[in-house]
$ cat query.cif   # mmCIF, C-alpha atoms and all ligand atoms
data_protein
loop_
_atom_site.label_atom_id
_atom_site.label_comp_id
_atom_site.auth_asym_id
_atom_site.auth_seq_id
_atom_site.Cartn_x
_atom_site.Cartn_y
_atom_site.Cartn_z
CA MET A 195 11.55 -10.89 15.55
CA ARG A 196 10.08 -9.33 12.41
CA ILE A 197 8.60 -11.66 9.79
CA LEU A 198 9.81 -10.83 6.28
CA LEU A 199 7.98 -13.59 4.41
CA ASP A 200 4.72 -15.02 5.65
CA ILE A 201 3.26 -17.98 3.77
CA ALA A 202 -0.22 -18.98 4.87
CA GLY A 203 -2.32 -21.96 3.79
CA LEU A 204 -0.50 -22.35 0.48
CA SER A 205 -1.60 -25.08 -1.91
CA VAL A 206 0.00 -25.77 -5.28
CA ALA A 207 -1.06 -28.41 -7.78
CA TYR A 208 -0.03 -29.42 -11.29
CA GLY A 209 -3.18 -30.86 -12.77
CA HIS A 210 -4.08 -33.72 -10.47
CA VAL A 211 -0.68 -33.79 -8.77
CA THR A 212 -0.70 -31.97 -5.45
CA ALA A 213 2.72 -30.43 -4.69
CA LEU A 214 1.86 -28.33 -1.61
CA GLN A 215 -1.05 -28.73 0.77
CA ASP A 216 -2.17 -25.94 3.02
CA LEU A 217 1.40 -25.05 3.92
CA SER A 218 2.25 -22.23 6.30
CA LEU A 219 5.74 -20.92 7.04
CA ALA A 220 7.11 -17.70 8.48
CA VAL A 221 10.61 -16.53 7.53
CA PRO A 222 12.10 -14.03 10.00
CA GLU A 223 13.96 -11.03 8.62
CA GLY A 224 17.71 -11.66 8.68
CA GLY A 225 17.30 -15.41 9.16
CA ILE A 226 18.38 -18.50 7.29
CA VAL A 227 15.57 -21.03 6.92
CA ALA A 228 16.43 -24.48 5.57
CA LEU A 229 13.80 -26.55 3.77
CA LEU A 230 14.55 -30.24 3.85
CA GLY A 231 12.80 -33.30 2.51
CA ALA A 232 12.97 -36.10 -0.01
CA ASN A 233 12.69 -35.66 -3.77
CA GLY A 234 9.18 -34.65 -4.73
CA ALA A 235 8.29 -33.38 -1.24
CA GLY A 236 7.40 -29.96 -2.68
CA LYS A 237 10.46 -27.86 -1.82
CA THR A 238 10.99 -26.51 -5.34
CA SER A 239 7.28 -25.80 -5.71
CA LEU A 240 7.39 -23.74 -2.52
CA LEU A 241 10.28 -21.60 -3.82
CA LYS A 242 8.57 -21.22 -7.19
CA ALA A 243 5.32 -20.12 -5.57
CA VAL A 244 7.19 -17.50 -3.52
CA ALA A 245 9.10 -16.29 -6.59
CA GLY A 246 5.84 -16.09 -8.57
CA VAL A 247 6.84 -18.73 -11.12
CA VAL A 248 3.87 -20.93 -10.23
CA ARG A 249 0.44 -19.74 -9.13
CA PRO A 250 -0.91 -21.25 -5.94
CA ARG A 251 -4.35 -22.79 -5.96
CA SER A 252 -5.08 -21.23 -2.62
CA GLY A 253 -3.37 -19.46 0.25
CA ARG A 254 -1.38 -16.29 0.36
CA VAL A 255 2.15 -14.97 0.31
CA VAL A 256 2.89 -11.82 2.28
CA PHE A 257 6.27 -10.13 1.84
CA ASP A 258 7.35 -7.27 4.02
CA GLY A 259 3.77 -6.79 5.19
CA ARG A 260 2.25 -6.69 1.69
CA ASP A 261 0.13 -9.40 0.08
CA ILE A 262 2.00 -10.34 -3.13
CA THR A 263 0.02 -13.49 -3.98
CA ALA A 264 -1.22 -11.96 -7.23
CA ALA A 265 2.04 -10.19 -8.16
CA GLY A 266 4.06 -11.32 -11.18
CA VAL A 267 7.72 -12.31 -11.26
CA PRO A 268 9.12 -8.86 -12.27
CA ALA A 269 7.27 -7.10 -9.45
CA ARG A 270 8.58 -9.64 -6.94
CA LEU A 271 12.11 -9.30 -8.32
CA ALA A 272 11.83 -5.55 -7.95
CA ASP A 273 10.78 -6.14 -4.32
CA GLY A 274 13.95 -8.18 -3.75
CA LEU A 275 12.62 -11.75 -3.98
CA VAL A 276 15.31 -13.54 -5.96
CA LEU A 277 15.43 -17.25 -6.82
CA VAL A 278 18.57 -19.15 -7.83
CA PRO A 279 16.95 -22.17 -9.48
CA GLU A 280 18.21 -25.71 -9.30
CA GLY A 281 20.73 -26.46 -12.04
CA ARG A 282 22.07 -22.88 -12.03
CA ARG A 283 20.70 -21.88 -15.48
CA ILE A 284 23.85 -20.07 -16.44
CA LEU A 285 23.88 -18.89 -20.06
CA VAL A 286 27.01 -20.72 -21.13
CA SER A 287 27.44 -18.98 -24.48
CA LEU A 288 27.44 -15.53 -22.83
CA THR A 289 30.48 -14.19 -21.02
CA ILE A 290 30.72 -14.22 -17.27
CA GLU A 291 30.11 -10.47 -17.17
CA GLU A 292 27.09 -10.73 -19.49
CA ASN A 293 25.64 -13.35 -17.17
CA LEU A 294 26.03 -10.97 -14.24
CA LEU A 295 24.37 -8.20 -16.23
CA VAL A 296 21.31 -10.42 -16.70
CA GLY A 297 20.77 -9.95 -12.96
CA ALA A 298 20.80 -6.17 -13.47
CA HIS A 299 18.05 -5.93 -16.07
CA LEU A 300 15.61 -4.25 -13.68
CA ARG A 301 18.13 -1.77 -12.28
CA ARG A 302 18.40 1.80 -13.48
CA ASP A 303 21.64 2.71 -11.67
CA PRO A 304 24.54 1.72 -13.97
CA ASP A 305 27.14 3.07 -11.53
CA GLY A 306 25.71 0.97 -8.72
CA VAL A 307 25.65 -2.10 -10.99
CA ARG A 308 29.32 -1.53 -11.88
CA ARG A 309 30.22 -1.26 -8.20
CA ASP A 310 28.28 -4.44 -7.37
CA ILE A 311 29.96 -6.34 -10.23
CA ALA A 312 33.38 -5.17 -8.99
CA ALA A 313 32.46 -6.41 -5.49
CA ILE A 314 31.54 -9.82 -6.93
CA TYR A 315 34.89 -10.05 -8.73
CA GLU A 316 36.58 -9.20 -5.46
CA ARG A 317 34.68 -11.97 -3.71
CA PHE A 318 35.27 -14.43 -6.58
CA PRO A 319 38.62 -13.62 -8.24
CA ASN A 320 38.19 -16.64 -10.56
CA LEU A 321 35.19 -14.93 -12.12
CA GLY A 322 36.92 -11.55 -12.36
CA ARG A 323 39.97 -12.91 -14.12
CA ARG A 324 37.78 -14.51 -16.78
CA ARG A 325 35.06 -11.88 -16.98
CA HIS A 326 35.21 -11.67 -20.79
CA MET A 327 35.30 -15.41 -21.38
CA ALA A 328 32.28 -17.60 -22.11
CA ALA A 329 30.72 -18.99 -18.95
CA SER A 330 31.18 -22.48 -20.41
CA CYS A 331 34.85 -22.26 -19.31
CA LEU A 332 33.79 -22.40 -15.65
CA SER A 333 33.64 -25.53 -13.51
CA GLY A 334 30.33 -26.56 -11.97
CA GLY A 335 31.28 -24.93 -8.68
CA GLU A 336 32.31 -21.69 -10.37
CA GLN A 337 29.04 -21.68 -12.32
CA GLN A 338 27.15 -21.96 -9.05
CA MET A 339 29.10 -18.98 -7.70
CA LEU A 340 28.22 -17.09 -10.90
CA ALA A 341 24.54 -17.97 -10.41
CA VAL A 342 24.70 -16.60 -6.86
CA GLY A 343 26.64 -13.55 -8.12
CA ARG A 344 23.95 -12.87 -10.72
CA ALA A 345 21.31 -13.07 -7.99
CA MET A 346 23.33 -10.61 -5.88
CA ILE A 347 23.25 -8.08 -8.72
CA ALA A 348 19.46 -8.09 -8.41
CA ARG A 349 19.95 -6.81 -4.81
CA PRO A 350 17.96 -9.51 -3.01
CA ARG A 351 16.27 -9.00 0.32
CA LEU A 352 15.15 -12.62 0.28
CA LEU A 353 17.51 -14.98 -1.54
CA MET A 354 16.06 -18.38 -2.40
CA LEU A 355 18.58 -21.09 -3.23
CA ASP A 356 17.35 -24.37 -4.72
CA GLU A 357 19.82 -27.20 -4.09
CA PRO A 358 22.89 -24.99 -4.55
CA SER A 359 25.36 -27.70 -3.48
CA LEU A 360 24.11 -30.27 -5.99
CA GLY A 361 27.00 -31.75 -7.97
CA LEU A 362 29.71 -29.66 -6.28
CA SER A 363 33.00 -30.99 -4.93
CA PRO A 364 33.43 -31.01 -1.12
CA LEU A 365 35.75 -27.99 -1.35
CA PHE A 366 33.19 -25.96 -3.32
CA ILE A 367 30.47 -27.01 -0.91
CA GLU A 368 32.56 -25.50 1.91
CA HIS A 369 32.95 -22.28 -0.14
CA LEU A 370 29.25 -22.19 -0.87
CA PHE A 371 28.16 -22.53 2.75
CA ALA A 372 30.72 -19.91 3.80
CA LEU A 373 29.23 -17.63 1.13
CA ILE A 374 25.69 -18.26 2.40
CA ARG A 375 26.83 -17.25 5.91
CA ALA A 376 28.58 -14.13 4.56
CA LEU A 377 25.55 -12.99 2.53
CA ASN A 378 23.36 -13.50 5.57
CA ARG A 379 25.76 -11.43 7.71
CA ASP A 380 25.38 -8.69 5.07
CA GLY A 381 21.67 -8.65 5.95
CA ILE A 382 20.14 -10.94 3.30
CA THR A 383 17.40 -13.28 4.47
CA ILE A 384 17.87 -16.76 3.02
CA LEU A 385 15.50 -19.58 2.18
CA LEU A 386 17.60 -22.63 1.41
CA VAL A 387 16.46 -25.90 -0.15
CA GLU A 388 19.08 -28.59 0.34
CA GLN A 389 19.57 -32.34 0.11
CA ASN A 390 22.80 -31.82 2.01
CA THR A 391 20.95 -32.03 5.30
CA ALA A 392 23.85 -31.87 7.75
CA GLN A 393 25.38 -28.75 6.17
CA ALA A 394 22.00 -27.07 5.80
CA LEU A 395 21.18 -27.67 9.47
CA ALA A 396 24.59 -26.31 10.47
CA VAL A 397 24.04 -23.00 8.65
CA ALA A 398 20.31 -22.47 9.30
CA HIS A 399 18.60 -20.63 12.16
CA THR A 400 15.35 -22.52 11.56
CA ALA A 401 14.58 -25.65 9.58
CA ALA A 402 11.44 -27.26 8.21
CA VAL A 403 11.04 -30.77 6.84
CA LEU A 404 8.54 -31.30 4.03
CA GLU A 405 6.80 -34.52 3.18
CA LEU A 406 4.15 -34.83 0.49
CA GLY A 407 3.60 -31.09 0.37
CA ARG A 408 3.27 -30.55 4.11
CA ILE A 409 5.63 -29.49 6.87
CA VAL A 410 6.04 -32.50 9.14
CA MET A 411 8.79 -31.17 11.43
CA ALA A 412 10.04 -27.66 12.07
CA GLY A 413 12.12 -25.77 14.55
CA ASP A 414 15.60 -25.38 15.91
CA PRO A 415 18.16 -26.99 13.54
CA ALA A 416 20.28 -28.38 16.39
CA GLN A 417 17.24 -30.14 17.83
CA LEU A 418 16.18 -31.42 14.41
CA ALA A 419 19.71 -32.69 13.78
CA GLY A 420 19.36 -34.84 16.88
CA ASP A 421 15.86 -36.07 16.02
CA PRO A 422 15.98 -39.79 15.29
CA ARG A 423 13.23 -39.51 12.64
CA LEU A 424 15.24 -36.98 10.66
CA ALA A 425 18.48 -38.87 11.19
CA GLU A 426 16.88 -42.02 9.86
CA ALA A 427 15.33 -40.39 6.83
CA TYR A 428 17.90 -37.83 5.74
CA LEU A 429 21.14 -38.04 7.60
CA GLY A 430 21.94 -41.59 6.62
CA ARG A 431 22.05 -42.98 10.14
CA ALA A 432 19.51 -44.88 12.13
P1 LIG B 1 13.11 -32.26 -6.00
O1 LIG B 1 14.13 -32.35 -4.93
O2 LIG B 1 13.03 -33.51 -6.85
O3 LIG B 1 13.15 -31.01 -6.81
P2 LIG B 1 10.95 -31.14 -4.51
O4 LIG B 1 10.83 -31.43 -3.06
O5 LIG B 1 11.55 -29.87 -4.89
O6 LIG B 1 11.71 -32.30 -5.22
P3 LIG B 1 8.78 -30.50 -6.26
O7 LIG B 1 9.71 -30.41 -7.44
O8 LIG B 1 8.21 -29.26 -5.74
O9 LIG B 1 9.49 -31.28 -5.09
O10 LIG B 1 7.62 -31.51 -6.65
C1 LIG B 1 6.47 -31.75 -5.83
C2 LIG B 1 5.51 -32.66 -6.58
O11 LIG B 1 5.00 -32.01 -7.72
C3 LIG B 1 6.13 -33.96 -7.09
O12 LIG B 1 5.15 -34.97 -7.00
C4 LIG B 1 6.44 -33.64 -8.53
O13 LIG B 1 6.45 -34.81 -9.31
C5 LIG B 1 5.29 -32.73 -8.90
N1 LIG B 1 5.66 -31.75 -9.94
C6 LIG B 1 6.64 -30.79 -9.84
N2 LIG B 1 6.67 -30.04 -10.97
C7 LIG B 1 5.72 -30.52 -11.78
C8 LIG B 1 5.24 -30.15 -13.09
N3 LIG B 1 5.77 -29.14 -13.76
N4 LIG B 1 4.22 -30.88 -13.61
C9 LIG B 1 3.67 -31.92 -12.92
N5 LIG B 1 4.06 -32.29 -11.69
C10 LIG B 1 5.07 -31.62 -11.13
#
$ encode --input "query.cif" --output "structure tokens"
Amino acid sequence: MRILLDIAGLSVAYGHVTALQDLSLAVPEGGIVALLGANGAGKTSLLKAVAGVVRPRSGRVVFDGRDITAAGVPARLADGLVLVPEGRRILVSLTIEENLLVGAHLRRDPDGVRRDIAAIYERFPNLGRRRHMAASCLSGGEQQMLAVGRAMIARPRLLMLDEPSLGLSPLFIEHLFALIRALNRDGITILLVEQNTAQALAVAHTAAVLELGRIVMAGDPAQLAGDPRLAEAYLGRA
């Protein structure tokens, strides 16, 4: 199994607040890795450090065999490291299509972009029908689909999703996890931060549980799902 993303000894701090401590994690190419843990455990900081949004204090990030620890966000985007941040960050005053085009700003193949946008409208007819309307007309679930669509336009090799199911209705959560599976089948490696532990474990090939900036449990999702410590802490059953 080839490792696409290799995180070694990563530490992140905000002033005196330590968010990640000497964390190591390998993400296999073509896999779905779920990151679980309570609020403040460091999950978002890990995604941000991989995306290049925050600088680690120490450690390194290797992507596709190259050390990218010092690389900026645009270089990582160009490499295919794409983050869908928590809260979607859709530009509600822009149209749906303009939002998708934001994901294309590094691409120099307008025909390819047009084809990819058409494919997104095929996948999400609700977006296609309203392509020229302001994104504010979309429901929360549709905005999340738009955020994922925008990330797709950037042609990710590693797609990082931060709490994508937050605030969505059960029906949209089903759609979202089906979409995650479909994108993964298309060859995209996925790093998924979720509070929705049961669903995340069902979709993932590997899972890691963070606590206070460290990985405290990791491995096969089915085994973790049956682990009484995880059940007690995150699955709402003792
Ligand atoms: P959540 O689910 O709430 O997003 P998380 O597991 O993603 O939690 P992080 O957001 O990475 O955790 O936060 C890890 C730690 O770093 C927490 O103690 C948090 O308060 C702190 N932290 C995060 N961002 C900042 C910041 N910009 N400035 C100061 N402290 C921060």
$ residues_near_point --input "query.cif" --point "(16.4, -30.7, -1.1)" --cutoff "6 Å" --atoms "all atoms listed in the file" --output "list in words"
Leu230, Gly231, Glu357, Val387, Glu388 and Gln389 of chain A
$ residues_near_ligand --input "query.cif" --ligand "ligand LIG 1 (chain B)" --cutoff "7 Å" --atoms "all atoms listed in the file" --output "VMD selection string"
chain A and resid 208 to 209 211 to 213 231 to 240 407
$ closest_residue --input "query.cif" --among "A:Glu223, A:Ile374, A:Ile367, A:Leu214" --to "Gly259 in chain A" --atoms "all atoms listed in the file"
A:Glu223
$ closest_residue --input "query.cif" --among "A:Asp200, A:Asp380, A:Glu280, A:Asp305" --to "Gly224 in chain A" --atoms "all atoms listed in the file"
A:Asp380
$ closest_residue --input "query.cif" --among "A:Ser359, A:Asn378, A:Thr383, A:Gln393" --to "Pro279 in chain A" --atoms "only C-alpha atoms"
A:Ser359
$ atom_distance --input "query.cif" --atom1 "CA of Arg260 in chain A" --atom2 "CA of Pro222 in chain A"
14.8 Å
$ residues_around --input "query.cif" --residues "Asp258 in chain A" --least-positions-apart "3" --cutoff "8 Å" --atoms "all atoms listed in the file" --output "PyMOL selection string"
chain A and resi 197-199
$ residues_around --input "query.cif" --residues "Leu219 in chain A" --least-positions-apart "3" --cutoff "10 Å" --atoms "all atoms listed in the file" --output "NGL selection string"
:A and (199-204 or 222 or 227 or 255 or 402 or 409 or 412)
$ atom_distance --input "query.cif" --atom1 "CA of Leu355 in chain A" --atom2 "CA of Leu406 in chain A"
20.3 Å
$ closest_residue --input "query.cif" --among "A:Pro350, A:Ile262, A:Ser330, A:Met339" --to "Gly274 in chain A" --atoms "all atoms listed in the file"
A:Pro350
$ atom_distance --input "query.cif" --atom1 "CA of Leu365 in chain A" --atom2 "CA of Gly335 in chain A"
9.1 Å
$ residues_near_point --input "query.cif" --point "(22.7, -19.5, 9.6)" --cutoff "6 Å" --atoms "only C-alpha atoms" --output "MDAnalysis selection string"
chainID A and resid 226 375 397:399
$ closest_residue --input "query.cif" --among "A:Asn293, A:Thr263, A:Gln337, A:Ser205" --to "Leu370 in chain A" --atoms "only C-alpha atoms"
A:Gln337
